[in-house]
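Colleague: Got a file for you: entry-v4.cif, mmCIF, N, CA and C atoms and all ligand atoms.
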```
data_query
loop_
_atom_site.label_atom_id
_atom_site.label_comp_id
_atom_site.auth_asym_id
_atom_site.auth_seq_id
_atom_site.Cartn_x
_atom_site.Cartn_y
_atom_site.Cartn_z
N MET A 1221 263.65 -61.79 66.98
CA MET A 1221 264.06 -63.06 67.40
C MET A 1221 264.42 -63.01 68.84
N PRO A 1222 265.38 -63.24 69.54
CA PRO A 1222 265.84 -64.61 69.60
C PRO A 1222 264.70 -65.47 70.01
N GLU A 1223 263.53 -64.86 70.16
CA GLU A 1223 262.35 -65.70 70.42
C GLU A 1223 262.22 -66.75 69.31
N SER A 1224 262.64 -66.46 68.09
CA SER A 1224 262.56 -67.46 67.02
C SER A 1224 263.72 -67.27 66.06
N PRO A 1225 264.92 -67.78 66.42
CA PRO A 1225 266.07 -67.57 65.54
C PRO A 1225 265.95 -68.38 64.27
N ILE A 1226 266.49 -67.82 63.19
CA ILE A 1226 266.68 -68.62 61.99
C ILE A 1226 267.98 -69.36 62.21
N GLN A 1227 267.99 -70.65 61.95
CA GLN A 1227 269.17 -71.43 62.26
C GLN A 1227 269.56 -72.29 61.08
N ALA A 1228 270.85 -72.48 60.91
CA ALA A 1228 271.36 -73.34 59.85
C ALA A 1228 272.48 -74.19 60.43
N ASP A 1229 272.45 -75.47 60.12
CA ASP A 1229 273.50 -76.37 60.57
C ASP A 1229 274.60 -76.38 59.51
N ASN A 1230 275.65 -75.63 59.75
CA ASN A 1230 276.71 -75.50 58.74
C ASN A 1230 277.42 -76.82 58.47
N THR A 1231 277.46 -77.70 59.47
CA THR A 1231 278.12 -78.99 59.27
C THR A 1231 277.31 -79.91 58.36
N SER A 1232 276.05 -79.54 58.07
CA SER A 1232 275.24 -80.39 57.19
C SER A 1232 275.46 -80.05 55.72
N LYS A 1233 276.22 -78.98 55.45
CA LYS A 1233 276.46 -78.60 54.05
C LYS A 1233 277.52 -79.51 53.44
N PRO A 1234 277.40 -79.83 52.15
CA PRO A 1234 278.37 -80.74 51.53
C PRO A 1234 279.80 -80.24 51.69
N GLY A 1235 280.70 -81.14 52.05
CA GLY A 1235 282.11 -80.79 52.17
C GLY A 1235 282.47 -80.06 53.43
N ARG A 1236 281.52 -79.87 54.33
CA ARG A 1236 281.84 -79.11 55.54
C ARG A 1236 281.75 -79.96 56.80
N GLU A 1237 281.79 -81.27 56.62
CA GLU A 1237 281.70 -82.14 57.79
C GLU A 1237 283.02 -82.04 58.56
N ASN A 1238 283.12 -81.06 59.45
CA ASN A 1238 284.33 -80.86 60.24
C ASN A 1238 285.57 -80.90 59.35
N ALA A 1239 285.46 -80.17 58.22
CA ALA A 1239 286.49 -80.25 57.18
C ALA A 1239 287.89 -79.93 57.70
N SER A 1240 287.99 -79.05 58.70
CA SER A 1240 289.33 -78.67 59.15
C SER A 1240 289.92 -79.68 60.13
N ASP A 1241 289.11 -80.56 60.66
CA ASP A 1241 289.61 -81.52 61.65
C ASP A 1241 288.74 -82.77 61.58
N GLU A 1242 289.25 -83.78 60.89
CA GLU A 1242 288.44 -84.99 60.65
C GLU A 1242 288.12 -85.74 61.93
N SER A 1243 288.92 -85.52 62.98
CA SER A 1243 288.65 -86.24 64.22
C SER A 1243 287.59 -85.53 65.06
N ALA A 1244 287.23 -84.32 64.66
CA ALA A 1244 286.28 -83.54 65.46
C ALA A 1244 284.86 -84.07 65.28
N THR A 1245 284.08 -83.93 66.30
CA THR A 1245 282.66 -84.26 66.21
C THR A 1245 281.87 -83.02 66.61
N GLY A 1246 280.57 -83.09 66.45
CA GLY A 1246 279.76 -81.94 66.85
C GLY A 1246 279.28 -81.14 65.66
N HIS A 1247 278.64 -80.06 65.94
CA HIS A 1247 278.00 -79.26 64.89
C HIS A 1247 278.30 -77.79 65.07
N TRP A 1248 278.41 -77.11 63.91
CA TRP A 1248 278.47 -75.65 63.88
C TRP A 1248 277.09 -75.15 63.49
N TRP A 1249 276.49 -74.38 64.34
CA TRP A 1249 275.19 -73.79 64.02
C TRP A 1249 275.36 -72.30 63.75
N VAL A 1250 274.66 -71.84 62.72
CA VAL A 1250 274.60 -70.40 62.45
C VAL A 1250 273.22 -69.92 62.89
N LEU A 1251 273.18 -68.94 63.78
CA LEU A 1251 271.91 -68.41 64.27
C LEU A 1251 271.76 -66.97 63.79
N HIS A 1252 270.72 -66.71 63.04
CA HIS A 1252 270.44 -65.35 62.57
C HIS A 1252 269.29 -64.78 63.39
N ALA A 1253 269.46 -63.57 63.90
CA ALA A 1253 268.36 -62.88 64.58
C ALA A 1253 267.49 -62.17 63.55
N THR A 1254 266.27 -61.87 63.94
CA THR A 1254 265.41 -61.09 63.06
C THR A 1254 265.90 -59.64 63.03
N PRO A 1255 265.57 -58.88 61.97
CA PRO A 1255 265.96 -57.46 61.95
C PRO A 1255 265.45 -56.71 63.18
N GLU A 1256 264.23 -57.03 63.63
CA GLU A 1256 263.66 -56.31 64.78
C GLU A 1256 264.50 -56.55 66.04
N TRP A 1257 264.86 -57.80 66.27
CA TRP A 1257 265.66 -58.11 67.46
C TRP A 1257 267.04 -57.48 67.35
N THR A 1258 267.61 -57.56 66.17
CA THR A 1258 268.95 -56.98 65.97
C THR A 1258 268.92 -55.48 66.22
N ASN A 1259 267.90 -54.80 65.70
CA ASN A 1259 267.82 -53.36 65.92
C ASN A 1259 267.73 -53.03 67.41
N ALA A 1260 267.01 -53.86 68.14
CA ALA A 1260 266.84 -53.60 69.57
C ALA A 1260 268.12 -53.92 70.36
N HIS A 1261 269.00 -54.74 69.80
CA HIS A 1261 270.19 -55.19 70.55
C HIS A 1261 271.49 -54.86 69.84
N VAL A 1262 271.44 -53.95 68.90
CA VAL A 1262 272.60 -53.75 68.02
C VAL A 1262 273.83 -53.28 68.78
N ASP A 1263 273.64 -52.62 69.94
CA ASP A 1263 274.80 -52.16 70.71
C ASP A 1263 275.08 -53.01 71.94
N ASP A 1264 274.39 -54.13 72.07
CA ASP A 1264 274.70 -55.04 73.18
C ASP A 1264 276.11 -55.56 73.02
N ASP A 1265 276.72 -55.98 74.12
CA ASP A 1265 278.03 -56.60 73.94
C ASP A 1265 277.83 -58.03 73.43
N SER A 1266 278.89 -58.57 72.86
CA SER A 1266 278.73 -59.83 72.13
C SER A 1266 278.28 -60.97 73.04
N GLN A 1267 278.70 -60.97 74.31
CA GLN A 1267 278.28 -62.06 75.19
C GLN A 1267 276.77 -62.01 75.45
N GLN A 1268 276.22 -60.80 75.55
CA GLN A 1268 274.77 -60.67 75.72
C GLN A 1268 274.04 -61.22 74.50
N VAL A 1269 274.59 -60.95 73.32
CA VAL A 1269 273.98 -61.46 72.09
C VAL A 1269 274.05 -62.98 72.06
N VAL A 1270 275.22 -63.52 72.41
CA VAL A 1270 275.35 -64.98 72.48
C VAL A 1270 274.30 -65.55 73.43
N ASN A 1271 274.17 -64.95 74.60
CA ASN A 1271 273.23 -65.48 75.59
C ASN A 1271 271.80 -65.46 75.05
N GLY A 1272 271.42 -64.37 74.40
CA GLY A 1272 270.06 -64.28 73.86
C GLY A 1272 269.80 -65.29 72.77
N LEU A 1273 270.75 -65.41 71.85
CA LEU A 1273 270.57 -66.35 70.74
C LEU A 1273 270.60 -67.80 71.23
N MET A 1274 271.51 -68.08 72.16
CA MET A 1274 271.60 -69.45 72.67
C MET A 1274 270.34 -69.85 73.44
N ALA A 1275 269.77 -68.91 74.16
CA ALA A 1275 268.54 -69.21 74.90
C ALA A 1275 267.41 -69.54 73.93
N ALA A 1276 267.32 -68.76 72.85
CA ALA A 1276 266.28 -69.02 71.85
C ALA A 1276 266.54 -70.34 71.12
N PHE A 1277 267.80 -70.61 70.84
CA PHE A 1277 268.14 -71.87 70.17
C PHE A 1277 267.79 -73.06 71.06
N ALA A 1278 268.08 -72.95 72.35
CA ALA A 1278 267.76 -74.03 73.29
C ALA A 1278 266.26 -74.28 73.31
N GLU A 1279 265.50 -73.20 73.27
CA GLU A 1279 264.04 -73.34 73.30
C GLU A 1279 263.54 -74.04 72.03
N LEU A 1280 264.10 -73.64 70.89
CA LEU A 1280 263.66 -74.22 69.61
C LEU A 1280 264.11 -75.66 69.44
N SER A 1281 265.35 -75.94 69.81
CA SER A 1281 265.93 -77.26 69.54
C SER A 1281 265.65 -78.24 70.65
N GLY A 1282 265.32 -77.74 71.84
CA GLY A 1282 265.15 -78.63 72.98
C GLY A 1282 266.47 -79.08 73.57
N SER A 1283 267.58 -78.51 73.10
CA SER A 1283 268.90 -78.88 73.63
C SER A 1283 269.47 -77.73 74.44
N ALA A 1284 269.84 -78.02 75.67
CA ALA A 1284 270.44 -76.98 76.51
C ALA A 1284 271.95 -77.15 76.61
N GLU A 1285 272.54 -77.92 75.67
CA GLU A 1285 274.00 -78.11 75.64
C GLU A 1285 274.69 -76.76 75.48
N PRO A 1286 275.67 -76.43 76.32
CA PRO A 1286 276.39 -75.17 76.11
C PRO A 1286 277.27 -75.26 74.87
N ALA A 1287 277.48 -74.14 74.21
CA ALA A 1287 278.36 -74.13 73.03
C ALA A 1287 279.82 -74.20 73.49
N LEU A 1288 280.63 -74.97 72.75
CA LEU A 1288 282.06 -75.04 73.08
C LEU A 1288 282.78 -73.78 72.61
N GLU A 1289 282.24 -73.18 71.54
CA GLU A 1289 282.89 -72.01 70.97
C GLU A 1289 281.80 -71.15 70.32
N THR A 1290 281.89 -69.85 70.44
CA THR A 1290 280.91 -68.97 69.80
C THR A 1290 281.63 -67.82 69.11
N LEU A 1291 280.98 -67.29 68.10
CA LEU A 1291 281.51 -66.14 67.37
C LEU A 1291 280.32 -65.29 66.97
N THR A 1292 280.35 -64.01 67.29
CA THR A 1292 279.24 -63.14 66.88
C THR A 1292 279.72 -62.16 65.82
N HIS A 1293 278.81 -61.78 64.96
CA HIS A 1293 279.14 -60.77 63.96
C HIS A 1293 277.88 -59.98 63.61
N ARG A 1294 278.02 -58.65 63.61
CA ARG A 1294 276.90 -57.79 63.18
C ARG A 1294 277.11 -57.45 61.71
N TRP A 1295 276.13 -57.78 60.88
CA TRP A 1295 276.21 -57.39 59.47
C TRP A 1295 275.52 -56.04 59.33
N LEU A 1296 276.22 -54.97 59.77
CA LEU A 1296 275.57 -53.66 59.82
C LEU A 1296 275.14 -53.16 58.45
N TYR A 1297 275.88 -53.54 57.42
CA TYR A 1297 275.60 -52.99 56.09
C TYR A 1297 275.15 -54.06 55.11
N ALA A 1298 274.56 -55.14 55.64
CA ALA A 1298 274.23 -56.28 54.78
C ALA A 1298 272.97 -56.06 53.95
N ARG A 1299 272.11 -55.16 54.38
CA ARG A 1299 270.86 -54.94 53.64
C ARG A 1299 270.85 -53.55 53.03
N SER A 1300 270.58 -53.47 51.73
CA SER A 1300 270.43 -52.16 51.13
C SER A 1300 269.01 -51.68 51.36
N ASP A 1301 268.85 -50.38 51.54
CA ASP A 1301 267.54 -49.84 51.88
C ASP A 1301 267.29 -48.61 51.01
N ALA A 1302 266.23 -48.65 50.24
CA ALA A 1302 265.92 -47.50 49.39
C ALA A 1302 264.92 -46.57 50.07
N GLY A 1303 264.85 -46.66 51.40
CA GLY A 1303 263.96 -45.77 52.15
C GLY A 1303 262.50 -45.95 51.78
N GLY A 1304 262.12 -47.19 51.46
CA GLY A 1304 260.73 -47.47 51.11
C GLY A 1304 260.43 -47.31 49.64
N GLU A 1305 261.34 -46.71 48.90
CA GLU A 1305 261.15 -46.54 47.45
C GLU A 1305 261.51 -47.85 46.75
N PRO A 1306 260.94 -48.08 45.56
CA PRO A 1306 261.35 -49.27 44.80
C PRO A 1306 262.84 -49.17 44.47
N GLN A 1307 263.52 -50.31 44.50
CA GLN A 1307 264.95 -50.28 44.20
C GLN A 1307 265.17 -50.19 42.69
N PRO A 1308 266.24 -49.53 42.28
CA PRO A 1308 266.40 -49.24 40.85
C PRO A 1308 266.70 -50.47 39.99
N GLY A 1309 267.23 -51.52 40.57
CA GLY A 1309 267.43 -52.77 39.81
C GLY A 1309 268.69 -52.78 38.97
N HIS A 1310 268.68 -51.99 37.89
CA HIS A 1310 269.85 -52.03 36.98
C HIS A 1310 269.91 -50.73 36.18
N PRO A 1311 270.29 -49.65 36.83
CA PRO A 1311 270.36 -48.38 36.09
C PRO A 1311 271.25 -48.50 34.85
N TRP A 1312 270.74 -48.03 33.71
CA TRP A 1312 271.50 -48.05 32.46
C TRP A 1312 271.40 -46.67 31.83
N PHE A 1313 272.55 -46.02 31.69
CA PHE A 1313 272.60 -44.68 31.15
C PHE A 1313 273.16 -44.79 29.73
N ALA A 1314 272.24 -44.94 28.77
CA ALA A 1314 272.65 -45.25 27.40
C ALA A 1314 273.56 -44.18 26.82
N SER A 1315 273.26 -42.91 27.12
CA SER A 1315 274.06 -41.86 26.48
C SER A 1315 275.51 -41.89 26.98
N GLU A 1316 275.69 -42.32 28.23
CA GLU A 1316 277.06 -42.43 28.77
C GLU A 1316 277.64 -43.82 28.59
N GLN A 1317 276.79 -44.77 28.07
CA GLN A 1317 277.25 -46.16 27.96
C GLN A 1317 277.69 -46.69 29.31
N LEU A 1318 276.90 -46.37 30.34
CA LEU A 1318 277.27 -46.75 31.70
C LEU A 1318 276.10 -47.49 32.35
N GLY A 1319 276.37 -48.68 32.88
CA GLY A 1319 275.34 -49.44 33.58
C GLY A 1319 275.82 -49.88 34.94
N LEU A 1320 274.88 -50.06 35.85
CA LEU A 1320 275.21 -50.52 37.21
C LEU A 1320 274.44 -51.79 37.50
N ALA A 1321 275.12 -52.76 38.10
CA ALA A 1321 274.46 -53.99 38.53
C ALA A 1321 275.03 -54.42 39.86
N GLY A 1322 274.21 -55.03 40.69
CA GLY A 1322 274.69 -55.52 41.98
C GLY A 1322 273.54 -55.76 42.92
N ASP A 1323 273.82 -56.53 43.97
CA ASP A 1323 272.76 -56.85 44.93
C ASP A 1323 272.18 -55.62 45.60
N TRP A 1324 273.01 -54.59 45.81
CA TRP A 1324 272.56 -53.38 46.51
C TRP A 1324 271.50 -52.61 45.73
N LEU A 1325 271.32 -52.94 44.46
CA LEU A 1325 270.32 -52.27 43.63
C LEU A 1325 269.01 -53.03 43.56
N ALA A 1326 269.02 -54.26 44.11
CA ALA A 1326 267.85 -55.11 43.87
C ALA A 1326 267.59 -56.08 45.03
N GLY A 1327 267.71 -55.59 46.25
CA GLY A 1327 267.27 -56.43 47.36
C GLY A 1327 268.34 -56.99 48.25
N GLY A 1328 269.61 -56.88 47.83
CA GLY A 1328 270.69 -57.22 48.76
C GLY A 1328 271.02 -58.69 48.92
N ARG A 1329 270.48 -59.53 48.08
CA ARG A 1329 270.84 -60.94 48.20
C ARG A 1329 271.33 -61.45 46.85
N ILE A 1330 271.69 -62.74 46.84
CA ILE A 1330 272.30 -63.27 45.63
C ILE A 1330 271.33 -63.22 44.45
N GLU A 1331 270.03 -63.44 44.72
CA GLU A 1331 269.07 -63.37 43.62
C GLU A 1331 268.92 -61.94 43.12
N GLY A 1332 269.14 -60.97 44.04
CA GLY A 1332 269.12 -59.57 43.63
C GLY A 1332 270.27 -59.26 42.69
N ALA A 1333 271.46 -59.80 43.01
CA ALA A 1333 272.63 -59.60 42.14
C ALA A 1333 272.36 -60.20 40.77
N TYR A 1334 271.79 -61.40 40.76
CA TYR A 1334 271.51 -62.09 39.49
C TYR A 1334 270.48 -61.31 38.67
N ASN A 1335 269.38 -60.95 39.31
CA ASN A 1335 268.31 -60.23 38.58
C ASN A 1335 268.81 -58.89 38.07
N SER A 1336 269.64 -58.21 38.87
CA SER A 1336 270.16 -56.92 38.47
C SER A 1336 271.04 -57.08 37.22
N ALA A 1337 271.91 -58.10 37.23
CA ALA A 1337 272.80 -58.30 36.08
C ALA A 1337 272.02 -58.70 34.84
N VAL A 1338 271.05 -59.61 35.00
CA VAL A 1338 270.25 -60.04 33.84
C VAL A 1338 269.45 -58.86 33.29
N GLY A 1339 268.89 -58.05 34.20
CA GLY A 1339 268.13 -56.88 33.76
C GLY A 1339 269.01 -55.89 33.01
N LEU A 1340 270.24 -55.71 33.48
CA LEU A 1340 271.14 -54.77 32.81
C LEU A 1340 271.53 -55.28 31.43
N VAL A 1341 271.82 -56.58 31.34
CA VAL A 1341 272.16 -57.15 30.03
C VAL A 1341 270.99 -56.95 29.06
N ASP A 1342 269.77 -57.20 29.53
CA ASP A 1342 268.59 -56.99 28.68
C ASP A 1342 268.48 -55.53 28.26
N ALA A 1343 268.72 -54.63 29.23
CA ALA A 1343 268.60 -53.20 28.91
C ALA A 1343 269.65 -52.79 27.87
N ILE A 1344 270.86 -53.30 28.02
CA ILE A 1344 271.91 -52.97 27.05
C ILE A 1344 271.53 -53.53 25.67
N GLY A 1345 271.06 -54.79 25.68
CA GLY A 1345 270.64 -55.41 24.41
C GLY A 1345 269.50 -54.65 23.78
N GLY A 1346 268.53 -54.22 24.61
CA GLY A 1346 267.36 -53.49 24.12
C GLY A 1346 267.72 -52.14 23.55
N SER A 1347 268.87 -51.60 24.01
CA SER A 1347 269.26 -50.28 23.51
C SER A 1347 270.12 -50.40 22.26
N GLY A 1348 270.29 -51.64 21.78
CA GLY A 1348 271.07 -51.86 20.56
C GLY A 1348 272.57 -51.74 20.77
N GLN A 1349 273.03 -51.79 22.04
CA GLN A 1349 274.45 -51.63 22.32
C GLN A 1349 275.17 -52.96 22.49
N ALA A 1350 274.45 -54.09 22.56
CA ALA A 1350 275.10 -55.36 22.86
C ALA A 1350 275.97 -55.81 21.70
C1 LIG B 1401 279.54 -63.92 54.57
C2 LIG B 1401 278.44 -63.76 53.56
C3 LIG B 1401 277.48 -64.76 53.46
C4 LIG B 1401 276.46 -64.63 52.54
N1 LIG B 1401 275.52 -65.62 52.46
C5 LIG B 1401 274.53 -65.50 51.60
C6 LIG B 1401 273.55 -66.53 51.47
O1 LIG B 1401 273.59 -67.54 52.17
N2 LIG B 1401 272.53 -66.36 50.57
C7 LIG B 1401 272.46 -65.23 49.78
O2 LIG B 1401 271.51 -65.13 48.95
N3 LIG B 1401 273.37 -64.25 49.86
C8 LIG B 1401 274.40 -64.37 50.73
N4 LIG B 1401 275.34 -63.38 50.81
C9 LIG B 1401 275.19 -62.21 49.94
C10 LIG B 1401 275.76 -62.48 48.55
O3 LIG B 1401 277.08 -62.94 48.68
C11 LIG B 1401 275.72 -61.18 47.78
O4 LIG B 1401 274.36 -60.76 47.68
C12 LIG B 1401 276.28 -61.32 46.37
O5 LIG B 1401 277.60 -61.84 46.38
C13 LIG B 1401 276.33 -59.93 45.72
O6 LIG B 1401 276.84 -60.06 44.41
P1 LIG B 1401 277.36 -58.79 43.68
O7 LIG B 1401 277.84 -59.26 42.36
O8 LIG B 1401 276.32 -57.71 43.72
O9 LIG B 1401 278.57 -58.24 44.58
P2 LIG B 1401 279.92 -58.99 44.99
O10 LIG B 1401 279.76 -60.48 45.02
O11 LIG B 1401 280.38 -58.28 46.24
O12 LIG B 1401 280.89 -58.66 43.77
C14 LIG B 1401 281.50 -57.37 43.63
C15 LIG B 1401 282.86 -57.59 42.99
O13 LIG B 1401 283.41 -56.33 42.65
C16 LIG B 1401 284.76 -56.33 43.03
N5 LIG B 1401 285.17 -54.95 43.24
C17 LIG B 1401 284.80 -54.10 44.22
N6 LIG B 1401 285.37 -52.91 44.06
C18 LIG B 1401 286.12 -52.99 42.95
C19 LIG B 1401 286.96 -52.08 42.26
N7 LIG B 1401 287.12 -50.83 42.65
N8 LIG B 1401 287.57 -52.51 41.14
C20 LIG B 1401 287.40 -53.77 40.69
N9 LIG B 1401 286.63 -54.69 41.30
C21 LIG B 1401 285.99 -54.29 42.42
C22 LIG B 1401 284.83 -57.16 44.28
O14 LIG B 1401 286.14 -57.66 44.50
C23 LIG B 1401 283.84 -58.29 43.94
O15 LIG B 1401 284.47 -59.35 43.26
C24 LIG B 1401 276.39 -63.49 51.71
C25 LIG B 1401 277.37 -62.49 51.82
C26 LIG B 1401 278.38 -62.62 52.73
C27 LIG B 1401 279.44 -61.53 52.82
#
```
For this file, write the structure as structure tokens.
Modeller:
Amino acid sequence: MPESPIQADNTSKPGRENASDESATGHWWVLHATPEWTNAHVDDDSQQVVNGLMAAFAELSGSAEPALETLTHRWLYARSDAGGEPQPGHPWFASEQLGLAGDWLAGGRIEGAYNSAVGLVDAIGGSGQA
């Protein structure tokens, strides 16, 4: 990215219309960089990251309005990586009666958490332990 940031207008979500200050106007935008851009800039200082993302946002949106407030955050551990191997999904150790479920086993997102839990429940049921 920031050549092409993923962007979300947080103020467009239900219940978030300047919820903390009804007199406030304006928008909160969330800008996500691509993994490639983040890897290349992971040790940049936060103002450099703001500048890069804001420049890309201005290009995409056509708005060069400066931000009134910015906040940067690196999600260093947000993605689980199985080193190219298939992710285990929902390990179930029947002899120990021990199962594992979570996003980190199945792709790192909310659907991964859901699929992992559903898969584990099925595995437990299939083993006659449910
Ligand atoms: C800021 C943020 C924004 C996100 N936005 C999105 C999004 O827009 N879309 C999306 O798909 N995903 C998003 N995610 C990711 C999503 O939240 C996770 O993929 C999902 O919550 C993982 O579910 P989980 O059940 O695997 O783990 P978690 O939701 O982390 O649940 C683990 C639970 O275990 C508990 N726990 C941990 N250790 C112990 C212990 N020792 N004893 C007892 N309990 C313990 C924790 O308190 C927690 O309740 C976001 C995550 C964050 C942090």
Colleague: Using 3 Å of padding on each side, determine the axis-aligned box around all atoms of ligand LIG 1401 (chain B) present in the file and give its centre and edge lengths in Å to one decimal, as lines of an AutoDock Vina configuration file.
Modeller:
```
center_x = 279.5
center_y = -59.2
center_z = 47.6
size_x = 22.1
size_y = 22.7
size_z = 19.9
```
Colleague: In Å, rounded to a single decimal, give me how far CA of Gly1303 (chain A) is from atom C of Val1338 (chain A).
Modeller: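 Value for the atom C of Val1338 (chain A)-CA of Gly1303 (chain A) distance: 23.6 Å.
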Colleague: Which protein, DNA or RNA residues have an atom within 6 Å of ligand LIG 1401 (chain B), counting only N, CA and C atoms and all ligand atoms, as an MDAnalysis selection string?
Modeller: chainID A and resid 1321:1324 1328:1331 1333
Colleague: Using all atoms listed in the file, which of A:Asn1335, A:Tyr1297, A:Ser1347, A:Pro1286 sits nearest Ala1314 (chain A)?
Modeller: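 Under the stated criterion, the closest residue is A:Ser1347.
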Colleague: By how many Å are atom N of Ser1300 (chain A) and CA of Glu1316 (chain A) apart?
Modeller: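 These two atoms are separated by 26.3 Å.
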Colleague: Mind pulling up the distance from CA of His1261 (chain A) to CA of Thr1290 (chain A)?
Modeller: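 According to the coordinates, CA of Thr1290 (chain A) and CA of His1261 (chain A) are separated by 17.5 Å.
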Colleague: For a cut-off of 12 Å around (277.1, -56.8, 63.4), file coordinates, pick out all residues using only C-alpha atoms and list them as a PDB file with N, CA and C atoms, in the frame of the given file.
Modeller:
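Writing done, so here's out-v8.pdb:
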```pdb
ATOM      1  N   HIS A1252     270.720 -66.710  63.040  1.00  0.00           N
ATOM      2  CA  HIS A1252     270.440 -65.350  62.570  1.00  0.00           C
ATOM      3  C   HIS A1252     269.290 -64.780  63.390  1.00  0.00           C
ATOM      4  N   ALA A1253     269.460 -63.570  63.900  1.00  0.00           N
ATOM      5  CA  ALA A1253     268.360 -62.880  64.580  1.00  0.00           C
ATOM      6  C   ALA A1253     267.490 -62.170  63.550  1.00  0.00           C
ATOM      7  N   PRO A1255     265.570 -58.880  61.970  1.00  0.00           N
ATOM      8  CA  PRO A1255     265.960 -57.460  61.950  1.00  0.00           C
ATOM      9  C   PRO A1255     265.450 -56.710  63.180  1.00  0.00           C
ATOM     10  N   THR A1258     267.610 -57.560  66.170  1.00  0.00           N
ATOM     11  CA  THR A1258     268.950 -56.980  65.970  1.00  0.00           C
ATOM     12  C   THR A1258     268.920 -55.480  66.220  1.00  0.00           C
ATOM     13  N   ASN A1259     267.900 -54.800  65.700  1.00  0.00           N
ATOM     14  CA  ASN A1259     267.820 -53.360  65.920  1.00  0.00           C
ATOM     15  C   ASN A1259     267.730 -53.030  67.410  1.00  0.00           C
ATOM     16  N   HIS A1261     269.000 -54.740  69.800  1.00  0.00           N
ATOM     17  CA  HIS A1261     270.190 -55.190  70.550  1.00  0.00           C
ATOM     18  C   HIS A1261     271.490 -54.860  69.840  1.00  0.00           C
ATOM     19  N   VAL A1262     271.440 -53.950  68.900  1.00  0.00           N
ATOM     20  CA  VAL A1262     272.600 -53.750  68.020  1.00  0.00           C
ATOM     21  C   VAL A1262     273.830 -53.280  68.780  1.00  0.00           C
ATOM     22  N   ASP A1263     273.640 -52.620  69.940  1.00  0.00           N
ATOM     23  CA  ASP A1263     274.800 -52.160  70.710  1.00  0.00           C
ATOM     24  C   ASP A1263     275.080 -53.010  71.940  1.00  0.00           C
ATOM     25  N   ASP A1264     274.390 -54.130  72.070  1.00  0.00           N
ATOM     26  CA  ASP A1264     274.700 -55.040  73.180  1.00  0.00           C
ATOM     27  C   ASP A1264     276.110 -55.560  73.020  1.00  0.00           C
ATOM     28  N   ASP A1265     276.720 -55.980  74.120  1.00  0.00           N
ATOM     29  CA  ASP A1265     278.030 -56.600  73.940  1.00  0.00           C
ATOM     30  C   ASP A1265     277.830 -58.030  73.430  1.00  0.00           C
ATOM     31  N   SER A1266     278.890 -58.570  72.860  1.00  0.00           N
ATOM     32  CA  SER A1266     278.730 -59.830  72.130  1.00  0.00           C
ATOM     33  C   SER A1266     278.280 -60.970  73.040  1.00  0.00           C
ATOM     34  N   VAL A1269     274.590 -60.950  73.320  1.00  0.00           N
ATOM     35  CA  VAL A1269     273.980 -61.460  72.090  1.00  0.00           C
ATOM     36  C   VAL A1269     274.050 -62.980  72.060  1.00  0.00           C
ATOM     37  N   LEU A1291     280.980 -67.290  68.100  1.00  0.00           N
ATOM     38  CA  LEU A1291     281.510 -66.140  67.370  1.00  0.00           C
ATOM     39  C   LEU A1291     280.320 -65.290  66.970  1.00  0.00           C
ATOM     40  N   THR A1292     280.350 -64.010  67.290  1.00  0.00           N
ATOM     41  CA  THR A1292     279.240 -63.140  66.880  1.00  0.00           C
ATOM     42  C   THR A1292     279.720 -62.160  65.820  1.00  0.00           C
ATOM     43  N   HIS A1293     278.810 -61.780  64.960  1.00  0.00           N
ATOM     44  CA  HIS A1293     279.140 -60.770  63.960  1.00  0.00           C
ATOM     45  C   HIS A1293     277.880 -59.980  63.610  1.00  0.00           C
ATOM     46  N   ARG A1294     278.020 -58.650  63.610  1.00  0.00           N
ATOM     47  CA  ARG A1294     276.900 -57.790  63.180  1.00  0.00           C
ATOM     48  C   ARG A1294     277.110 -57.450  61.710  1.00  0.00           C
ATOM     49  N   TRP A1295     276.130 -57.780  60.880  1.00  0.00           N
ATOM     50  CA  TRP A1295     276.210 -57.390  59.470  1.00  0.00           C
ATOM     51  C   TRP A1295     275.520 -56.040  59.330  1.00  0.00           C
ATOM     52  N   LEU A1296     276.220 -54.970  59.770  1.00  0.00           N
ATOM     53  CA  LEU A1296     275.570 -53.660  59.820  1.00  0.00           C
ATOM     54  C   LEU A1296     275.140 -53.160  58.450  1.00  0.00           C
ATOM     55  N   TYR A1297     275.880 -53.540  57.420  1.00  0.00           N
ATOM     56  CA  TYR A1297     275.600 -52.990  56.090  1.00  0.00           C
ATOM     57  C   TYR A1297     275.150 -54.060  55.110  1.00  0.00           C
ATOM     58  N   ALA A1298     274.560 -55.140  55.640  1.00  0.00           N
ATOM     59  CA  ALA A1298     274.230 -56.280  54.780  1.00  0.00           C
ATOM     60  C   ALA A1298     272.970 -56.060  53.950  1.00  0.00           C
ATOM     61  N   ARG A1299     272.110 -55.160  54.380  1.00  0.00           N
ATOM     62  CA  ARG A1299     270.860 -54.940  53.640  1.00  0.00           C
ATOM     63  C   ARG A1299     270.850 -53.550  53.030  1.00  0.00           C
TER      64      ARG A1299
END
```
Colleague: Nearest residue to Val1270 (chain A) out of A:Thr1254, A:Glu1289, A:Gly1345, A:Ser1283, using only C-alpha atoms?
Modeller: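 Looking at the shortest contact to Val1270 (chain A), the residue is A:Glu1289.
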Colleague: For the structure I just gave you, how does DSSP split chain A - specifically, which residues are alpha helix (DSSP H)? Reply as a PyMOL selection string.
Modeller: chain A and resi 1255-1261+1266-1281+1330-1346
Colleague: So that I can check the surroundings of Gly1309 (chain A), please list as a ChimeraX atom specification every protein, DNA and RNA residue that reaches within 5 Å of it, counting only N, CA and C atoms and ignoring chain neighbours fewer than 6 positions away.
Modeller: /A:1325-1326,1336
Colleague: Mind listing the strand (DSSP E or B) residues of chain A, per DSSP on the backbone, as a list in words?
Modeller: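 Those residues are Ile1226, Gln1227, Ala1228, Asp1229, Trp1249, Val1250, Leu1251, His1252, Trp1312, Phe1313, Leu1318 and Gly1319 of chain A.
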Colleague: With distances taken over all atoms listed in the file, which of A:Leu1340, A:Asn1271, A:Leu1280, A:Lys1233 is nearest to Gly1319 (chain A)?
Modeller: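 With all atoms listed in the file as the atom set, the closest residue is A:Leu1340.
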